[in-house]
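K.L.:
Provided herewith: upload.txt, compact mmCIF, C-alpha atoms.
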```txt
# COMPACT_ATOMS: atom_id res chain seq x y z
CA MET D 280 -41.35 -0.48 2.60
CA SER D 281 -44.94 -1.60 1.80
CA THR D 282 -45.36 1.46 -0.43
CA ILE D 283 -42.14 0.69 -2.29
CA GLY D 284 -43.21 -2.93 -2.70
CA GLY D 285 -46.58 -1.83 -4.05
CA ILE D 286 -45.00 0.45 -6.63
CA LEU D 287 -42.68 -2.32 -7.83
CA GLN D 288 -45.48 -4.87 -7.95
CA LYS D 289 -47.79 -2.51 -9.85
CA GLU D 290 -45.10 -1.56 -12.35
CA SER D 291 -44.06 -5.20 -12.79
CA LYS D 292 -47.63 -6.33 -13.57
CA HIS D 293 -48.12 -3.44 -15.97
CA TRP D 294 -44.87 -4.34 -17.74
CA VAL D 295 -45.81 -8.04 -18.07
CA GLY D 296 -49.19 -7.11 -19.50
CA GLN D 297 -47.56 -5.18 -22.35
CA GLN D 298 -45.29 -7.95 -23.68
CA SER D 299 -47.21 -8.12 -26.97
CA SER D 300 -45.51 -4.99 -28.20
CA ASN D 301 -41.72 -4.94 -28.43
CA CYS D 302 -41.65 -1.15 -28.34
CA THR D 303 -43.95 -1.03 -25.33
CA HIS D 304 -41.91 -3.84 -23.77
CA ALA D 305 -38.71 -1.84 -24.03
CA SER D 306 -40.39 1.35 -22.86
CA GLN D 307 -41.90 -0.28 -19.79
CA MET D 308 -38.65 -2.07 -18.96
CA TRP D 309 -36.81 1.24 -19.09
CA TYR D 310 -39.48 2.88 -16.92
CA LEU D 311 -39.26 0.08 -14.36
CA PHE D 312 -35.51 0.47 -14.28
CA LYS D 313 -35.88 4.22 -13.68
CA VAL D 314 -38.36 3.64 -10.83
CA MET D 315 -36.07 1.09 -9.15
CA SER D 316 -33.05 3.36 -9.55
CA PHE D 317 -34.97 6.25 -8.03
CA ILE D 318 -36.06 4.12 -5.07
CA LEU D 319 -32.49 2.96 -4.45
CA ILE D 320 -31.21 6.53 -4.54
CA LEU D 321 -34.05 7.67 -2.30
CA GLY D 322 -33.37 4.88 0.13
CA THR D 323 -29.68 5.68 0.29
CA THR D 324 -30.10 9.41 0.80
CA HIS D 325 -33.25 9.56 2.88
CA GLY D 326 -33.05 6.38 4.94
CA ALA D 327 -35.84 4.41 3.24
CA PHE D 328 -33.99 1.24 4.12
CA ARG D 329 -33.54 1.88 7.82
CA SER D 330 -33.92 -1.80 8.56
CA ARG D 331 -30.56 -2.64 6.97
CA ARG D 332 -28.24 -4.54 9.26
CA SER D 333 -25.43 -2.52 10.84
CA VAL D 334 -22.02 -3.00 9.27
CA ASN D 335 -19.15 -4.46 11.26
CA PRO D 336 -16.70 -1.56 11.75
CA GLU D 337 -13.82 -3.84 10.68
CA ALA D 338 -15.39 -4.32 7.24
CA ASN D 339 -13.86 -1.11 5.90
CA MET D 340 -10.55 -1.31 7.77
CA ASN D 341 -7.17 -2.26 6.41
CA ILE D 342 -4.98 -4.72 8.29
CA SER D 343 -3.19 -2.06 10.34
CA GLN D 344 -6.50 -0.56 11.41
CA ILE D 345 -7.88 -3.95 12.46
CA ILE D 346 -4.78 -4.60 14.55
CA SER D 347 -5.02 -1.17 16.20
CA TYR D 348 -8.79 -1.51 16.68
CA TRP D 349 -8.18 -4.45 19.01
CA GLY D 350 -5.46 -2.63 20.94
CA TYR D 351 -2.38 -4.30 19.48
CA PRO D 352 0.77 -2.61 18.17
CA GLY D 353 1.27 -2.82 14.44
CA GLU D 354 3.77 -2.08 11.73
CA VAL D 355 3.59 -2.15 7.94
CA HIS D 356 6.56 -2.64 5.63
CA ASP D 357 6.95 -2.57 1.87
CA VAL D 358 8.90 -5.50 0.47
CA VAL D 359 10.16 -5.31 -3.11
CA THR D 360 10.53 -8.58 -4.98
CA GLU D 361 13.24 -9.35 -7.50
CA ASP D 362 10.75 -8.78 -10.35
CA GLY D 363 9.52 -5.44 -9.02
CA TYR D 364 6.31 -6.21 -7.12
CA ILE D 365 5.79 -4.29 -3.88
CA LEU D 366 4.26 -6.45 -1.16
CA GLY D 367 2.57 -5.22 2.00
CA LEU D 368 4.06 -7.01 5.00
CA TYR D 369 2.32 -6.45 8.34
CA ARG D 370 3.70 -7.04 11.80
CA ILE D 371 2.36 -7.47 15.33
CA PRO D 372 5.64 -7.24 17.31
CA TYR D 373 4.13 -8.14 20.68
CA GLY D 374 0.83 -8.71 22.43
CA LYS D 375 -1.18 -6.97 25.10
CA ALA D 376 0.28 -9.00 27.96
CA ASN D 377 3.78 -9.28 26.50
CA ASN D 378 4.53 -5.67 25.68
CA ASP D 379 8.29 -5.72 26.24
CA ASN D 380 9.58 -4.87 22.79
CA SER D 381 13.22 -4.80 23.88
CA ALA D 382 13.54 -8.57 24.18
CA GLN D 383 14.11 -10.57 21.00
CA LYS D 384 11.18 -12.85 20.28
CA LEU D 385 10.69 -15.92 18.13
CA VAL D 386 9.24 -15.02 14.75
CA VAL D 387 6.12 -16.62 13.27
CA TYR D 388 5.21 -15.82 9.67
CA LEU D 389 1.59 -16.32 8.53
CA GLN D 390 0.78 -16.76 4.82
CA HIS D 391 -2.80 -16.59 3.58
CA GLY D 392 -4.61 -18.78 1.04
CA LEU D 393 -6.24 -18.32 -2.35
CA LEU D 394 -8.50 -15.27 -2.80
CA THR D 395 -7.75 -13.99 0.72
CA SER D 396 -5.10 -11.79 2.32
CA GLY D 397 -3.14 -11.31 5.53
CA SER D 398 -6.30 -10.02 7.19
CA SER D 399 -7.50 -13.64 7.42
CA TRP D 400 -5.33 -14.15 10.48
CA VAL D 401 -6.94 -11.29 12.45
CA SER D 402 -10.56 -11.52 11.30
CA ASN D 403 -11.96 -14.27 13.51
CA LEU D 404 -13.11 -13.58 17.06
CA LEU D 405 -10.30 -12.04 19.09
CA ILE D 406 -9.69 -15.29 21.02
CA ASN D 407 -9.67 -17.32 17.77
CA SER D 408 -7.48 -15.14 15.50
CA LEU D 409 -4.04 -16.72 15.18
CA GLY D 410 -2.27 -13.38 14.70
CA PHE D 411 -3.48 -12.10 18.07
CA ILE D 412 -3.11 -15.46 19.81
CA LEU D 413 0.55 -15.75 18.84
CA ALA D 414 1.29 -12.14 19.78
CA ASP D 415 -0.21 -12.67 23.23
CA ALA D 416 1.78 -15.89 23.57
CA GLY D 417 4.99 -13.87 23.22
CA TYR D 418 5.83 -14.21 19.52
CA ASP D 419 6.81 -11.66 16.89
CA VAL D 420 4.06 -12.11 14.28
CA TRP D 421 4.29 -11.22 10.58
CA LEU D 422 1.40 -11.34 8.09
CA GLY D 423 2.31 -11.84 4.44
CA ASN D 424 0.38 -10.72 1.35
CA SER D 425 0.96 -12.27 -2.05
CA ARG D 426 1.11 -10.16 -5.20
CA GLY D 427 -2.26 -9.11 -6.53
CA THR D 428 -4.02 -9.11 -3.17
CA THR D 429 -5.59 -5.95 -1.79
CA TRP D 430 -2.46 -4.97 0.12
CA SER D 431 0.07 -5.92 -2.56
CA ARG D 432 -1.06 -4.13 -5.71
CA LYS D 433 1.94 -1.95 -6.42
CA HIS D 434 4.90 -2.36 -8.75
CA LEU D 435 8.07 -0.42 -9.39
CA TYR D 436 7.14 0.31 -13.00
CA LEU D 437 4.03 -1.67 -14.05
CA LYS D 438 0.54 -0.19 -13.75
CA THR D 439 -1.92 -2.22 -11.70
CA ASN D 440 -4.50 -2.24 -14.51
CA SER D 441 -2.03 -3.55 -17.08
CA LYS D 442 -1.97 -7.11 -18.42
CA GLU D 443 1.71 -7.31 -17.58
CA PHE D 444 1.03 -6.70 -13.90
CA TRP D 445 -1.35 -9.67 -13.69
CA ALA D 446 0.80 -12.06 -15.73
CA PHE D 447 1.73 -14.30 -12.81
CA SER D 448 0.71 -17.52 -11.07
CA PHE D 449 1.62 -19.31 -7.86
CA ASP D 450 5.02 -19.99 -9.47
CA GLU D 451 6.02 -16.34 -9.13
CA MET D 452 4.62 -16.18 -5.59
CA ALA D 453 6.90 -19.09 -4.69
CA LYS D 454 9.92 -17.89 -6.66
CA TYR D 455 9.81 -14.21 -5.73
CA ASP D 456 7.21 -13.25 -3.09
CA LEU D 457 7.94 -15.77 -0.37
CA PRO D 458 11.75 -15.52 -0.58
CA ALA D 459 11.59 -11.71 -0.53
CA SER D 460 9.28 -11.68 2.50
CA ILE D 461 11.27 -14.25 4.48
CA ASP D 462 14.60 -12.59 3.69
CA PHE D 463 13.21 -9.22 4.78
CA ILE D 464 11.92 -10.60 8.09
CA VAL D 465 15.16 -12.42 8.89
CA LYS D 466 17.24 -9.32 8.21
CA HIS D 467 14.85 -7.00 10.05
CA THR D 468 14.58 -9.12 13.20
CA GLY D 469 18.06 -10.60 13.31
CA GLN D 470 16.60 -14.09 13.68
CA LYS D 471 18.32 -16.87 11.78
CA GLU D 472 15.20 -19.06 11.65
CA ILE D 473 11.47 -18.41 11.66
CA PHE D 474 8.32 -20.51 12.04
CA TYR D 475 6.02 -20.58 9.02
CA VAL D 476 2.24 -21.11 9.06
CA GLY D 477 0.44 -21.41 5.74
CA HIS D 478 -3.18 -21.98 4.81
CA SER D 479 -4.29 -23.43 1.45
CA GLN D 480 -2.33 -21.57 -1.26
CA GLY D 481 -0.01 -20.43 1.51
CA THR D 482 1.05 -24.08 1.80
CA THR D 483 1.27 -24.57 -1.97
CA ILE D 484 3.83 -21.82 -2.49
CA ALA D 485 5.72 -22.96 0.61
CA PHE D 486 6.05 -26.51 -0.72
CA ILE D 487 7.44 -25.09 -3.96
CA THR D 488 9.80 -22.59 -2.33
CA PHE D 489 11.14 -24.93 0.33
CA SER D 490 11.74 -27.74 -2.17
CA THR D 491 13.41 -25.60 -4.85
CA ILE D 492 15.26 -22.84 -2.95
CA PRO D 493 17.37 -24.47 -0.18
CA LYS D 494 18.75 -21.17 1.12
CA ILE D 495 15.19 -20.10 2.01
CA ALA D 496 14.26 -23.51 3.42
CA GLU D 497 17.23 -23.28 5.79
CA LYS D 498 15.63 -20.22 7.39
CA VAL D 499 12.43 -22.07 8.35
CA LYS D 500 12.46 -23.96 11.63
CA ILE D 501 9.05 -25.64 11.24
CA PHE D 502 6.45 -25.44 8.49
CA PHE D 503 2.86 -25.64 9.78
CA ALA D 504 0.53 -26.54 6.89
CA LEU D 505 -3.21 -25.94 7.40
CA ALA D 506 -5.51 -27.48 4.77
CA PRO D 507 -2.48 -28.09 2.53
CA VAL D 508 -2.97 -28.03 -1.23
CA PHE D 509 -0.37 -29.65 -3.45
CA SER D 510 -2.61 -31.45 -5.92
CA ILE D 511 -6.32 -31.21 -6.73
CA LYS D 512 -6.86 -34.44 -8.61
CA TYR D 513 -9.68 -35.57 -6.30
CA SER D 514 -11.07 -32.15 -5.42
CA ASN D 515 -14.86 -31.74 -5.61
CA SER D 516 -14.77 -27.99 -5.13
CA PRO D 517 -17.31 -26.12 -7.33
CA LEU D 518 -14.58 -23.56 -8.03
CA ILE D 519 -12.30 -26.25 -9.42
CA LYS D 520 -15.09 -27.82 -11.47
CA MET D 521 -15.86 -24.43 -12.98
CA ALA D 522 -12.17 -23.94 -13.74
CA TYR D 523 -12.08 -27.24 -15.65
CA LYS D 524 -14.90 -25.98 -17.89
CA TRP D 525 -12.96 -22.78 -18.56
CA LYS D 526 -9.70 -24.38 -19.61
CA SER D 527 -8.99 -21.46 -21.91
CA VAL D 528 -9.02 -19.15 -18.90
CA ILE D 529 -7.63 -21.31 -16.09
CA LYS D 530 -5.27 -24.23 -16.71
CA LEU D 531 -5.06 -26.91 -13.97
CA PHE D 532 -2.95 -29.90 -13.82
CA ASN D 533 -5.28 -33.10 -13.25
CA SER D 534 -2.45 -34.91 -11.57
CA SER D 535 -1.50 -36.23 -8.16
CA ARG D 536 1.61 -34.05 -8.38
CA LEU D 537 1.97 -30.29 -8.61
CA ARG D 538 3.62 -28.84 -11.66
CA ALA D 539 4.52 -25.35 -12.76
CA PHE D 540 2.12 -23.21 -14.78
CA ASP D 541 1.90 -24.32 -18.41
CA TRP D 542 2.39 -21.23 -20.56
CA GLY D 543 0.50 -22.81 -23.45
CA SER D 544 3.23 -23.46 -25.98
CA PRO D 545 6.62 -25.21 -26.10
CA VAL D 546 8.31 -21.92 -26.98
CA LEU D 547 6.89 -20.03 -23.98
CA ASN D 548 7.57 -22.94 -21.65
CA TRP D 549 11.17 -23.02 -22.88
CA MET D 550 11.52 -19.30 -22.14
CA HIS D 551 10.39 -19.84 -18.54
CA PHE D 552 11.69 -23.33 -17.70
CA ASN D 553 14.33 -24.24 -20.31
CA GLN D 554 12.15 -27.14 -21.37
CA THR D 555 9.11 -27.51 -23.65
CA THR D 556 6.74 -28.69 -20.92
CA SER D 557 6.11 -27.28 -17.46
CA PRO D 558 8.13 -29.14 -14.80
CA PHE D 559 6.80 -31.08 -11.84
CA TYR D 560 7.63 -29.99 -8.30
CA ASN D 561 9.12 -32.63 -6.03
CA VAL D 562 8.11 -32.36 -2.37
CA THR D 563 10.59 -35.06 -1.40
CA CYS D 564 13.32 -32.49 -1.97
CA MET D 565 11.97 -30.38 0.92
CA ASN D 566 13.89 -30.94 4.15
CA VAL D 567 11.89 -28.63 6.44
CA SER D 568 10.24 -30.14 9.51
CA THR D 569 6.54 -30.13 8.66
CA SER D 570 3.31 -30.44 10.65
CA THR D 571 0.00 -30.82 8.83
CA TRP D 572 -3.69 -30.47 9.61
CA ASN D 573 -6.53 -31.28 7.24
CA GLY D 574 -10.32 -31.46 7.35
CA ALA D 575 -12.27 -34.58 6.45
CA ARG D 576 -15.02 -32.41 4.95
CA ASP D 577 -12.68 -30.26 2.87
CA VAL D 578 -13.76 -30.34 -0.80
CA LEU D 579 -10.74 -28.37 -1.98
CA ALA D 580 -7.96 -30.14 -0.08
CA ASP D 581 -9.51 -33.58 -0.56
CA PRO D 582 -8.37 -36.29 1.90
CA GLN D 583 -7.18 -38.48 -1.01
CA ASP D 584 -4.96 -35.68 -2.27
CA ILE D 585 -3.75 -35.14 1.31
CA ASN D 586 -2.75 -38.80 1.64
CA ASN D 587 -0.71 -38.57 -1.56
CA LEU D 588 0.99 -35.45 -0.26
CA LEU D 589 1.81 -36.89 3.15
CA SER D 590 3.59 -39.83 1.58
CA GLU D 591 6.02 -37.39 -0.10
CA ILE D 592 6.93 -35.24 2.92
CA THR D 593 10.27 -36.58 4.12
CA ASN D 594 10.52 -34.72 7.44
CA HIS D 595 6.94 -35.03 8.66
CA ILE D 596 6.67 -34.54 12.43
CA TYR D 597 2.91 -34.31 13.06
CA HIS D 598 -0.43 -34.81 11.35
CA LYS D 599 -4.04 -34.43 12.39
CA THR D 600 -7.30 -34.91 10.50
CA ILE D 601 -10.27 -33.05 11.94
CA SER D 602 -13.45 -34.91 11.03
CA SER D 603 -15.79 -31.89 11.15
CA TYR D 604 -13.58 -29.34 9.38
CA ASN D 605 -13.93 -27.85 5.92
CA HIS D 606 -11.39 -25.68 4.10
CA ILE D 607 -12.18 -22.36 5.78
CA ASP D 608 -12.61 -23.69 9.32
CA PHE D 609 -8.84 -23.44 9.79
CA LEU D 610 -9.30 -19.68 9.81
CA PHE D 611 -12.83 -19.06 11.06
CA GLY D 612 -13.80 -22.16 13.04
CA LEU D 613 -15.12 -21.30 16.49
CA ASP D 614 -13.04 -24.10 18.05
CA VAL D 615 -9.95 -23.56 15.90
CA TYR D 616 -7.82 -22.58 18.89
CA HIS D 617 -8.41 -25.92 20.60
CA GLN D 618 -8.29 -27.96 17.40
CA VAL D 619 -5.24 -26.37 15.76
CA TYR D 620 -3.68 -23.19 17.14
CA ARG D 621 -2.96 -24.50 20.64
CA GLU D 622 -1.14 -27.45 19.08
CA ILE D 623 0.97 -25.11 16.92
CA ILE D 624 2.11 -23.26 20.04
CA ASP D 625 2.80 -26.56 21.84
CA ILE D 626 4.98 -27.77 18.96
CA ILE D 627 6.90 -24.48 18.87
CA GLN D 628 7.45 -24.60 22.63
CA GLY D 629 8.66 -28.18 22.31
CA THR D 630 11.56 -27.01 20.14
CA LEU D 631 12.92 -24.57 22.74
```
Would you write the structure of this file as structure tokens?

P.N.:
Amino acid sequence: MSTIGGILQKESKHWVGQQSSNCTHASQMWYLFKVMSFILILGTTHGAFRSRRSVNPEANMNISQIISYWGYPGEVHDVVTEDGYILGLYRIPYGKANNDNSAQKLVVYLQHGLLTSGSSWVSNLLINSLGFILADAGYDVWLGNSRGTTWSRKHLYLKTNSKEFWAFSFDEMAKYDLPASIDFIVKHTGQKEIFYVGHSQGTTIAFITFSTIPKIAEKVKIFFALAPVFSIKYSNSPLIKMAYKWKSVIKLFNSSRLRAFDWGSPVLNWMHFNQTTSPFYNVTCMNVSTSTWNGARDVLADPQDINNLLSEITNHIYHKTISSYNHIDFLFGLDVYHQVYREIIDIIQGTL
């Protein structure tokens, strides 16, 4: 490595010393690039970078492989939405200790958040991954994947690299993805009701679905909302701040209430909503029993936004604020079992 560093340092100094000539500048820059490229290739093929950290074997696994890696049974199902998207739906039918697959088990559906996938629920330590915890507790566990995620990038007739494929927002996830997944699970398992756990965007689409599609809401026994996001008026997230600067790319609604995606013109909004502006969603219309957990240090699901949300939930059965938690701790916190997951199981058991 010292030899490589010396070469780069020497070439860098030589390049800086030639800045007076544009031609020489370009030539030396190109030469430096060639040297660095050669070193990278050499390191990759001949082990020049032997000190690289070893890669976690799960890093290159899909969800089924992660489940199998830890010794759990797994299934994968393709669910087709009404508008043609094909979603990957994963299942852990039972745990290591409860391996009797003949008995009918209570179903728990887990829905991931923004920029993640169903693998979120099986990627913490084994004793802190909710998918495995619930399976070992005797539940039939299902992991959802919204359209556009790694495991849901197929369509009946649209190509994945087409603009048409990506022309969706959380509205479509709530209108098509969640109903299709829940209907599939209910039919496949024979259960009339399921328990739903959502994180971040997984709560957003649930609030929309359960408040606008009663026939789906009737199939949910309890809605467990982790780091719920229904408005982002007070959010200090860098991602949200960046989105505000790029209003031409990402449109957000600076409001204490959630509204549907604004398609940018009265005509397009009329085509989608039968009105010239995008409609607001009304959480008070949701009649599902709901338990919520939020983090006091969460910059995305800000406590002020949470307070506004809680005041609108009509059938609210439990709430807890965890002072030390941020947005991602609900998935990867080392004490998440004791802070959240154990309470979810206790609430489920209390309904039996």

K.L.:
Pick the closest to D:Asp362 from D:Thr555, D:Leu437, D:Thr483, D:Pro545: which is it, counting all atoms listed in the file?

P.N.:
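Going through D:Thr555, D:Leu437, D:Thr483, D:Pro545 one by one, the smallest distance to D:Asp362 is for D:Leu437.
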
K.L.:
Calculate how many Å separate atom CA of D:Leu413 from atom CA of D:Ile623, rounding to one decimal.

P.N.:
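Separation between atom CA of D:Leu413 and atom CA of D:Ile623: 9.6 Å.
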
K.L.:
In Å, rounded to a single decimal, give me how far atom CA of D:Ala376 is from atom CA of D:Asp415.

P.N.:
6.0 Å

K.L.:
Write out as a PyMOL selection string which residues come within 10 Å of D:Asp462 when counting all atoms listed in the file, dropping same-chain ones fewer than 2 positions away.

P.N.:
chain D and resi 358+457-460+464-467+471+494-495+498

K.L.:
Name the closest residue to D:Arg426 among the candidates D:Thr488, D:Thr360, D:Asn553, D:Ser398; distances are taken between atoms, counting all atoms listed in the file.

P.N.:
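Looking at the shortest contact to D:Arg426, the residue is D:Thr360.
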
K.L.:
Tell me, in Å to one decimal, how far atom CA of D:Asn587 is from atom CA of D:Ser396.

P.N.:
27.4 Å

K.L.:
Quick one: everything within 9 Å of stretch 599-607 of chain D, counting only C-alpha atoms, minus sequence neighbours fewer than 6 positions away in the same chain. Send it as a count of residues only.

P.N.:
17

K.L.:
Nearest residue to D:Pro372 out of D:Leu394, D:Val420, D:Ile484, D:Leu547, using only C-alpha atoms?

P.N.:
D:Val420

K.L.:
Taking (3.0, -30.5, -4.8) in the coordinates of the supplied file, I want to know which residues reach to within 10 Å of it, counting only C-alpha atoms; could you give the answer as a list in words?

P.N.:
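The requested residues, written out, are Thr482, Thr483, Ile484, Ala485, Phe486, Ile487, Ser490, Pro507, Val508, Phe509, Ser510, Ile511, Ser534, Ser535, Arg536, Leu537, Arg538, Ala539, Phe559, Tyr560, Asn561, Val562, Thr563, Asp584, Asn587, Leu588, Glu591 and Ile592 of chain D.
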